[in-house]
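Engineer: The file below is start.txt, compact mmCIF, C-alpha atoms:
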```
# COMPACT_ATOMS: atom_id res chain seq x y z
CA MET A 1 -11.45 -29.30 -36.80
CA ALA A 2 -13.79 -27.77 -34.24
CA SER A 3 -12.56 -30.02 -31.45
CA GLY A 4 -8.95 -29.30 -32.48
CA GLN A 5 -9.62 -25.59 -32.05
CA THR A 6 -11.34 -25.85 -28.68
CA PHE A 7 -8.82 -28.22 -27.04
CA PRO A 8 -5.95 -25.69 -26.75
CA MET A 9 -8.41 -23.12 -25.44
CA SER A 10 -9.61 -25.57 -22.78
CA ALA A 11 -6.04 -26.41 -21.82
CA ALA A 12 -5.20 -22.71 -21.52
CA GLN A 13 -8.28 -22.11 -19.42
CA GLY A 14 -7.40 -25.07 -17.22
CA GLY A 15 -3.87 -23.75 -16.75
CA LEU A 16 -5.14 -20.28 -15.86
CA ARG A 17 -7.66 -21.76 -13.44
CA ALA A 18 -4.94 -23.81 -11.75
CA THR A 19 -2.67 -20.76 -11.50
CA LEU A 20 -5.41 -18.61 -9.97
CA LYS A 21 -6.26 -21.42 -7.55
CA THR A 22 -2.61 -21.61 -6.47
CA TYR A 23 -2.35 -17.88 -5.74
CA ALA A 24 -5.78 -17.91 -4.10
CA GLU A 25 -4.30 -20.43 -1.66
CA PHE A 26 -1.51 -17.95 -0.86
CA VAL A 27 -4.18 -15.30 -0.24
CA ARG A 28 -5.88 -17.70 2.17
CA ILE A 29 -2.56 -18.43 3.90
CA GLY A 30 -1.93 -14.70 4.34
CA PHE A 31 -5.40 -14.26 5.81
CA VAL A 32 -5.11 -17.23 8.17
CA ASN A 33 -1.60 -16.34 9.35
CA ILE A 34 -2.80 -12.94 10.54
CA LEU A 35 -5.38 -14.63 12.75
CA ALA A 36 -2.50 -15.38 15.12
CA PHE A 37 -1.98 -11.62 15.55
CA ARG A 38 -5.58 -10.51 16.05
CA LEU A 39 -4.74 -8.58 19.21
CA ARG A 40 -2.31 -6.45 17.19
CA TYR A 41 -5.15 -5.35 14.93
CA TYR A 42 -7.51 -4.63 17.80
CA THR A 43 -4.86 -2.39 19.34
CA GLY A 44 -4.25 -1.02 15.84
CA ILE A 45 -7.75 0.52 15.88
CA ILE A 46 -6.82 2.43 19.04
CA THR A 47 -3.48 3.47 17.53
CA TYR A 48 -5.11 4.81 14.36
CA LEU A 49 -7.72 6.67 16.41
CA ILE A 50 -4.95 8.29 18.44
CA ASN A 51 -3.16 9.33 15.25
CA VAL A 52 -6.31 10.84 13.75
CA THR A 53 -7.12 12.60 17.04
CA VAL A 54 -3.64 14.13 17.27
CA TYR A 55 -3.76 15.39 13.69
CA TYR A 56 -7.30 16.63 14.22
CA PHE A 57 -6.23 18.99 17.01
CA ILE A 58 -3.03 19.98 15.20
CA TRP A 59 -4.93 21.08 12.11
CA ARG A 60 -7.61 22.77 14.22
CA ALA A 61 -4.84 24.83 15.79
CA VAL A 62 -3.24 25.58 12.41
CA PHE A 63 -6.53 26.87 11.01
CA ALA A 64 -7.55 28.69 14.19
CA ASN A 65 -6.35 32.07 12.93
CA ALA A 66 -6.81 31.41 9.22
CA THR A 67 -9.42 33.48 7.45
CA GLY A 68 -9.79 31.08 4.54
CA SER A 69 -8.08 28.09 3.01
CA ILE A 70 -4.41 27.18 3.42
CA ALA A 71 -2.54 25.70 0.45
CA GLY A 72 -5.91 25.15 -1.20
CA PHE A 73 -7.42 23.22 1.74
CA SER A 74 -10.29 24.35 3.95
CA LEU A 75 -10.50 23.04 7.51
CA PRO A 76 -13.27 20.48 6.72
CA GLN A 77 -11.24 19.26 3.72
CA ILE A 78 -8.00 18.84 5.66
CA LEU A 79 -9.78 17.02 8.50
CA THR A 80 -11.38 14.68 5.97
CA TYR A 81 -8.01 14.26 4.22
CA VAL A 82 -6.35 13.19 7.48
CA SER A 83 -9.17 10.90 8.60
CA VAL A 84 -9.64 9.11 5.26
CA GLY A 85 -5.84 9.02 4.80
CA TRP A 86 -5.29 6.96 7.95
CA ILE A 87 -8.22 4.71 7.07
CA LEU A 88 -6.64 4.17 3.64
CA ARG A 89 -3.26 3.46 5.23
CA SER A 90 -4.76 0.66 7.30
CA PHE A 91 -5.69 -1.02 4.00
CA TYR A 92 -2.58 -0.60 1.84
CA TRP A 93 0.09 -1.12 4.51
CA ASN A 94 1.92 -4.46 4.49
CA THR A 95 5.16 -5.93 5.85
CA ILE A 96 6.48 -7.93 2.88
CA ASP A 97 9.99 -6.50 3.33
CA GLN A 98 10.19 -7.35 7.03
CA GLU A 99 8.92 -10.89 6.49
CA MET A 100 11.35 -11.47 3.61
CA ALA A 101 14.23 -10.17 5.73
CA TYR A 102 13.24 -12.61 8.49
CA GLU A 103 13.09 -15.53 6.06
CA VAL A 104 16.54 -14.68 4.69
CA LEU A 105 18.03 -14.59 8.22
CA GLU A 106 16.33 -17.87 9.16
CA GLY A 107 17.18 -19.60 5.89
CA LYS A 108 13.51 -20.11 5.08
CA ILE A 109 13.95 -18.23 1.81
CA ALA A 110 15.25 -21.51 0.38
CA MET A 111 11.70 -22.88 0.40
CA ASP A 112 10.53 -19.97 -1.76
CA LEU A 113 13.22 -20.73 -4.32
CA ILE A 114 11.93 -24.24 -4.97
CA LYS A 115 8.25 -23.34 -5.32
CA PRO A 116 7.05 -23.45 -8.96
CA VAL A 117 5.42 -20.03 -8.70
CA SER A 118 6.39 -16.38 -9.06
CA VAL A 119 7.92 -15.46 -5.69
CA GLN A 120 6.92 -11.85 -6.20
CA TRP A 121 3.26 -12.68 -6.78
CA MET A 122 3.35 -15.23 -3.98
CA TRP A 123 4.28 -12.45 -1.54
CA LEU A 124 1.76 -10.07 -3.06
CA ALA A 125 -0.96 -12.72 -2.78
CA ARG A 126 -0.12 -13.26 0.89
CA ALA A 127 -0.24 -9.49 1.39
CA MET A 128 -3.68 -9.49 -0.26
CA GLY A 129 -4.85 -11.98 2.33
CA GLU A 130 -3.45 -9.79 5.08
CA SER A 131 -5.14 -6.71 3.60
CA ALA A 132 -8.43 -8.59 3.38
CA PHE A 133 -8.12 -9.37 7.08
CA ARG A 134 -7.19 -5.76 7.87
CA LEU A 135 -10.13 -4.54 5.78
CA ILE A 136 -12.53 -6.54 7.94
CA LEU A 137 -11.00 -6.15 11.40
CA LEU A 138 -9.11 -2.84 11.14
CA THR A 139 -10.08 -0.67 8.18
CA ALA A 140 -13.86 -1.07 8.47
CA PRO A 141 -14.06 -0.62 12.29
CA THR A 142 -11.65 2.31 12.13
CA ALA A 143 -13.68 3.95 9.35
CA ILE A 144 -16.91 3.59 11.35
CA ILE A 145 -15.45 4.98 14.57
CA VAL A 146 -13.57 7.82 12.85
CA THR A 147 -16.65 8.97 10.92
CA LEU A 148 -18.69 8.94 14.15
CA LEU A 149 -16.13 10.92 16.15
CA PHE A 150 -14.80 13.38 13.59
CA PRO A 151 -16.37 15.60 10.89
CA VAL A 152 -15.51 13.43 7.87
CA ASN A 153 -17.05 14.55 4.60
CA PRO A 154 -18.42 11.89 2.23
CA PRO A 155 -16.76 11.49 -1.20
CA SER A 156 -17.52 14.33 -3.57
CA SER A 157 -19.52 11.99 -5.84
CA LYS A 158 -20.21 8.30 -6.45
CA PHE A 159 -17.98 8.45 -9.52
CA ASN A 160 -15.14 9.94 -7.47
CA PHE A 161 -15.58 7.18 -4.92
CA ALA A 162 -15.26 4.59 -7.70
CA LEU A 163 -12.04 6.26 -8.88
CA PHE A 164 -10.87 6.43 -5.25
CA PHE A 165 -11.45 2.68 -4.95
CA LEU A 166 -9.31 2.02 -8.04
CA ALA A 167 -6.63 4.35 -6.69
CA ALA A 168 -6.68 2.53 -3.33
CA ILE A 169 -5.99 -0.78 -5.09
CA GLY A 170 -3.12 0.93 -6.89
CA SER A 171 -1.83 2.16 -3.51
CA PHE A 172 -1.72 -1.41 -2.25
CA LEU A 173 0.10 -2.64 -5.36
CA ILE A 174 2.69 0.15 -5.27
CA MET A 175 3.30 -0.46 -1.57
CA GLY A 176 3.60 -4.20 -2.14
CA ALA A 177 5.96 -3.77 -5.11
CA LEU A 178 8.20 -1.37 -3.17
CA ASN A 179 8.31 -3.67 -0.17
CA PHE A 180 9.22 -6.63 -2.37
CA ILE A 181 12.13 -4.66 -3.84
CA ILE A 182 13.32 -3.70 -0.34
CA GLY A 183 12.80 -7.25 0.94
CA THR A 184 14.87 -8.67 -1.92
CA CYS A 185 17.75 -6.45 -0.78
CA ALA A 186 18.03 -8.75 2.26
CA ILE A 187 19.57 -11.42 0.01
CA PRO A 188 22.81 -9.51 -0.77
CA LEU A 189 22.76 -7.32 2.37
CA THR A 190 21.40 -9.80 4.96
CA SER A 191 20.37 -7.03 7.38
CA ILE A 192 18.06 -4.35 5.96
CA LEU A 193 16.66 -2.83 9.16
CA ALA A 194 18.11 0.62 8.38
CA LEU A 195 16.82 0.38 4.80
CA ILE A 196 13.32 -0.50 6.03
CA ARG A 197 13.32 2.46 8.42
CA ALA A 198 14.53 4.85 5.70
CA LYS A 199 11.81 3.57 3.36
CA PHE A 200 9.19 3.98 6.08
CA TRP A 201 9.92 7.66 6.70
CA LEU A 202 10.39 8.41 3.01
CA ILE A 203 6.98 7.00 2.17
CA GLU A 204 5.29 8.60 5.19
CA LEU A 205 6.59 12.00 4.09
CA LEU A 206 6.44 11.89 0.29
CA SER A 207 3.18 9.94 0.04
CA GLY A 208 1.37 13.03 1.31
CA LEU A 209 -0.15 11.19 4.27
CA LEU A 210 1.41 13.21 7.08
CA ILE A 211 1.27 16.56 5.26
CA PRO A 212 -0.49 17.23 1.92
CA LEU A 213 2.06 17.81 -0.80
CA SER A 214 0.59 21.22 -1.63
CA PHE A 215 2.11 22.44 1.66
CA PHE A 216 5.60 21.58 0.40
CA PRO A 217 7.91 24.03 -1.40
CA HIS A 218 7.25 24.05 -5.14
CA PRO A 219 10.64 22.48 -6.11
CA LEU A 220 9.91 19.53 -3.81
CA GLN A 221 6.45 19.17 -5.31
CA VAL A 222 8.01 18.98 -8.77
CA VAL A 223 10.49 16.31 -7.64
CA SER A 224 7.70 14.37 -5.91
CA SER A 225 5.60 14.37 -9.09
CA TRP A 226 8.32 12.31 -10.80
CA LEU A 227 8.28 9.68 -8.03
CA PRO A 228 5.72 6.96 -7.26
CA PHE A 229 5.25 7.81 -3.57
CA GLU A 230 2.54 10.47 -3.94
CA HIS A 231 0.28 7.92 -5.62
CA ILE A 232 0.16 5.89 -2.41
CA ALA A 233 -1.88 8.46 -0.47
CA ALA A 234 -2.08 11.90 -2.11
CA THR A 235 -3.61 10.75 -5.40
CA PRO A 236 -6.51 8.69 -3.95
CA LEU A 237 -7.22 11.32 -1.26
CA GLN A 238 -7.40 14.20 -3.74
CA ILE A 239 -9.73 12.13 -5.90
CA TYR A 240 -11.90 11.37 -2.84
CA LEU A 241 -12.17 15.08 -2.00
CA GLY A 242 -12.97 16.02 -5.61
CA ARG A 243 -10.03 18.41 -5.81
CA LEU A 244 -9.16 17.17 -9.29
CA GLY A 245 -11.04 17.40 -12.55
CA LEU A 246 -11.96 14.25 -14.45
CA ALA A 247 -9.08 14.56 -16.91
CA GLN A 248 -6.53 15.12 -14.15
CA SER A 249 -7.94 12.27 -12.04
CA LEU A 250 -7.69 9.86 -14.98
CA ARG A 251 -4.17 11.10 -15.76
CA LEU A 252 -3.02 10.48 -12.19
CA LEU A 253 -4.67 7.05 -12.18
CA PHE A 254 -2.82 6.24 -15.38
CA LEU A 255 0.46 7.38 -13.81
CA GLU A 256 -0.29 5.37 -10.69
CA TYR A 257 -0.79 2.13 -12.57
CA PHE A 258 2.16 2.94 -14.80
CA TRP A 259 4.27 2.97 -11.63
CA VAL A 260 2.64 -0.31 -10.56
CA VAL A 261 3.84 -1.98 -13.78
CA VAL A 262 7.32 -0.38 -13.57
CA LEU A 263 7.87 -1.34 -9.93
CA LEU A 264 6.61 -4.89 -10.45
CA LEU A 265 8.96 -5.28 -13.42
CA LEU A 266 11.90 -3.81 -11.47
CA GLY A 267 11.11 -6.12 -8.56
CA HIS A 268 11.07 -9.14 -10.86
CA LEU A 269 14.39 -8.21 -12.48
CA TRP A 270 15.99 -7.40 -9.12
CA TRP A 271 14.86 -10.78 -7.72
CA LEU A 272 16.38 -12.63 -10.68
CA ARG A 273 19.68 -10.79 -10.23
CA ALA A 274 19.79 -11.07 -6.43
CA THR A 275 19.17 -14.82 -6.47
CA ARG A 276 22.01 -15.59 -8.86
CA LYS A 277 24.25 -15.92 -5.83
CA ILE A 278 22.64 -16.53 -2.47
CA THR A 279 23.91 -17.74 0.90
CA ILE A 280 21.37 -19.68 2.94
CA HIS A 281 21.54 -19.17 6.70
CA GLY A 282 19.98 -21.41 9.32
CA GLY A 283 18.58 -24.78 8.46
```
Would it be possible to restate this file's structure as structure tokens?
Structural biologist:
Amino acid sequence: MASGQTFPMSAAQGGLRATLKTYAEFVRIGFVNILAFRLRYYTGIITYLINVTVYYFIWRAVFANATGSIAGFSLPQILTYVSVGWILRSFYWNTIDQEMAYEVLEGKIAMDLIKPVSVQWMWLARAMGESAFRLILLTAPTAIIVTLLFPVNPPSSKFNFALFFLAAIGSFLIMGALNFIIGTCAIPLTSILALIRAKFWLIELLSGLLIPLSFFPHPLQVVSSWLPFEHIAATPLQIYLGRLGLAQSLRLLFLEYFWVVVLLLLGHLWWLRATRKITIHGG
């Protein structure tokens, strides 16, 4: 009886171990593939430093004649917001949609259809490998240089930094889920370049990275609160700065991961529908 009870458990554990090993291989592939583009990430450090420098002087000019805070931000807070925001962006950014569009045009998407794995999680696993590479060669060096050159405040507390870390993972998952949905659009549309550009500017604006959402008109803030984009940058950055109470931080984290589940589910359903009828190009 005892052995009969433990055998199914062992089989389930073996199946889970094999599944995790399979997706871990996709993570490794994503990491290794980026090695071919190392120069892009070295130049990326310079690009991010230029972006932070430009925003540094812009916000210095904005606050030059201010007697206090603007939209609830002091100058040290807004400079930290910008600096940490671009460091965070170097971690969560991925190009799943662009790579999927390329594979559809080249006909390579056919190979994904025959793999006995979740295509969505295959792409997310590859993006995890890419983010791991970026974390080592882009995010970490950028963070070190930015904190040495600019007045970046540390997180408001160790607990807030732990919540910020969880929010950053959520940022990656939301970004990956959105990109998978956009990338899947390449199957019925073939060319999604305009869609990718529209998504890029929508996320840059409504995520709160370029301008904190508290600077927006109130109606736009209300609309933004019903969308997932603000959880990509604004939510983790506000938690980092300690601008939110514990209850509000936990509520926003809950909403962030709620959107993760919703977007992953929508991506899965959209993939199933889009692949009902597919034309393979190339060979």
Engineer: What would the list of residues within 6 Å of (-7.8, -12.8, -0.3) (file frame) look like as number ranges by chain, if all atoms listed in the file are what count?
Structural biologist: A: 27-28, 128-129, 132
Engineer: Taking only residues of range 20-97 of chain A that have an atom at most 8 Å from an atom of range 203-210 of chain A, what is each one's shortest atom pair and its distance in Å to one decimal, using all atoms listed in the file, in chain and number order, as CSV?
Structural biologist:
```
residue,atom,partner,partner_atom,distance
A:Val82,CA,A:Leu209,CA,7.3
A:Gly85,CA,A:Leu209,CA,6.1
A:Trp86,CA,A:Leu209,CA,7.6
```
Engineer: Tell me which of A:Ile145, A:Ile96, A:Ala198, A:Val54 sits closest to Gly183 in chain A, counting only C-alpha atoms.
Structural biologist: A:Ile96
Engineer: Taking (1.1, 3.2, -13.5) as a centre in this file's frame and 12 Å as the limit, can you find every polymer residue with an atom that close, using all atoms listed in the file, and give them as a VMD selection string?
Structural biologist: chain A and resid 166 to 167 169 to 171 173 to 174 177 226 to 229 231 to 232 250 to 265
Engineer: Dump as a tab-separated table the rows for residues of range 2-104 of chain A within 10 Å of range 109-118 of chain A: closest atom pair and distance in Å with one decimal, only C-alpha atoms counted, ordered by chain and rising residue number.
Structural biologist:
```
residue	atom	partner	partner_atom	distance
A:Thr19	CA	A:Val117	CA	8.6
A:Thr22	CA	A:Val117	CA	8.5
A:Tyr23	CA	A:Val117	CA	8.6
A:Met100	CA	A:Ile109	CA	7.5
A:Ala101	CA	A:Ile109	CA	9.0
A:Tyr102	CA	A:Ile109	CA	8.8
A:Glu103	CA	A:Ile109	CA	5.1
A:Val104	CA	A:Ile109	CA	5.3
```
Engineer: Work out how far apart CA of Thr95 in chain A and CA of Phe161 in chain A are and give it in Å to one decimal.
Structural biologist: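 We find that CA of Thr95 in chain A and CA of Phe161 in chain A lie 26.8 Å from each other.
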Engineer: Would you mind telling me which residue in A:Leu75, A:Val152, A:Met175, A:Leu244 lies nearest to Leu124 in chain A when using only C-alpha atoms?
Structural biologist: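 Nearest candidate to Leu124 in chain A out of A:Leu75, A:Val152, A:Met175, A:Leu244: A:Met175.
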Engineer: Between CA of Phe216 in chain A and CA of Ala162 in chain A, what distance in Å does the model show, to one decimal?
Structural biologist: 28.1 Å
Engineer: Hey, can you check how far CA of Ala18 in chain A sits from CA of Ala168 in chain A?
Structural biologist: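 CA of Ala168 in chain A lies at a distance of 27.7 Å from CA of Ala18 in chain A.
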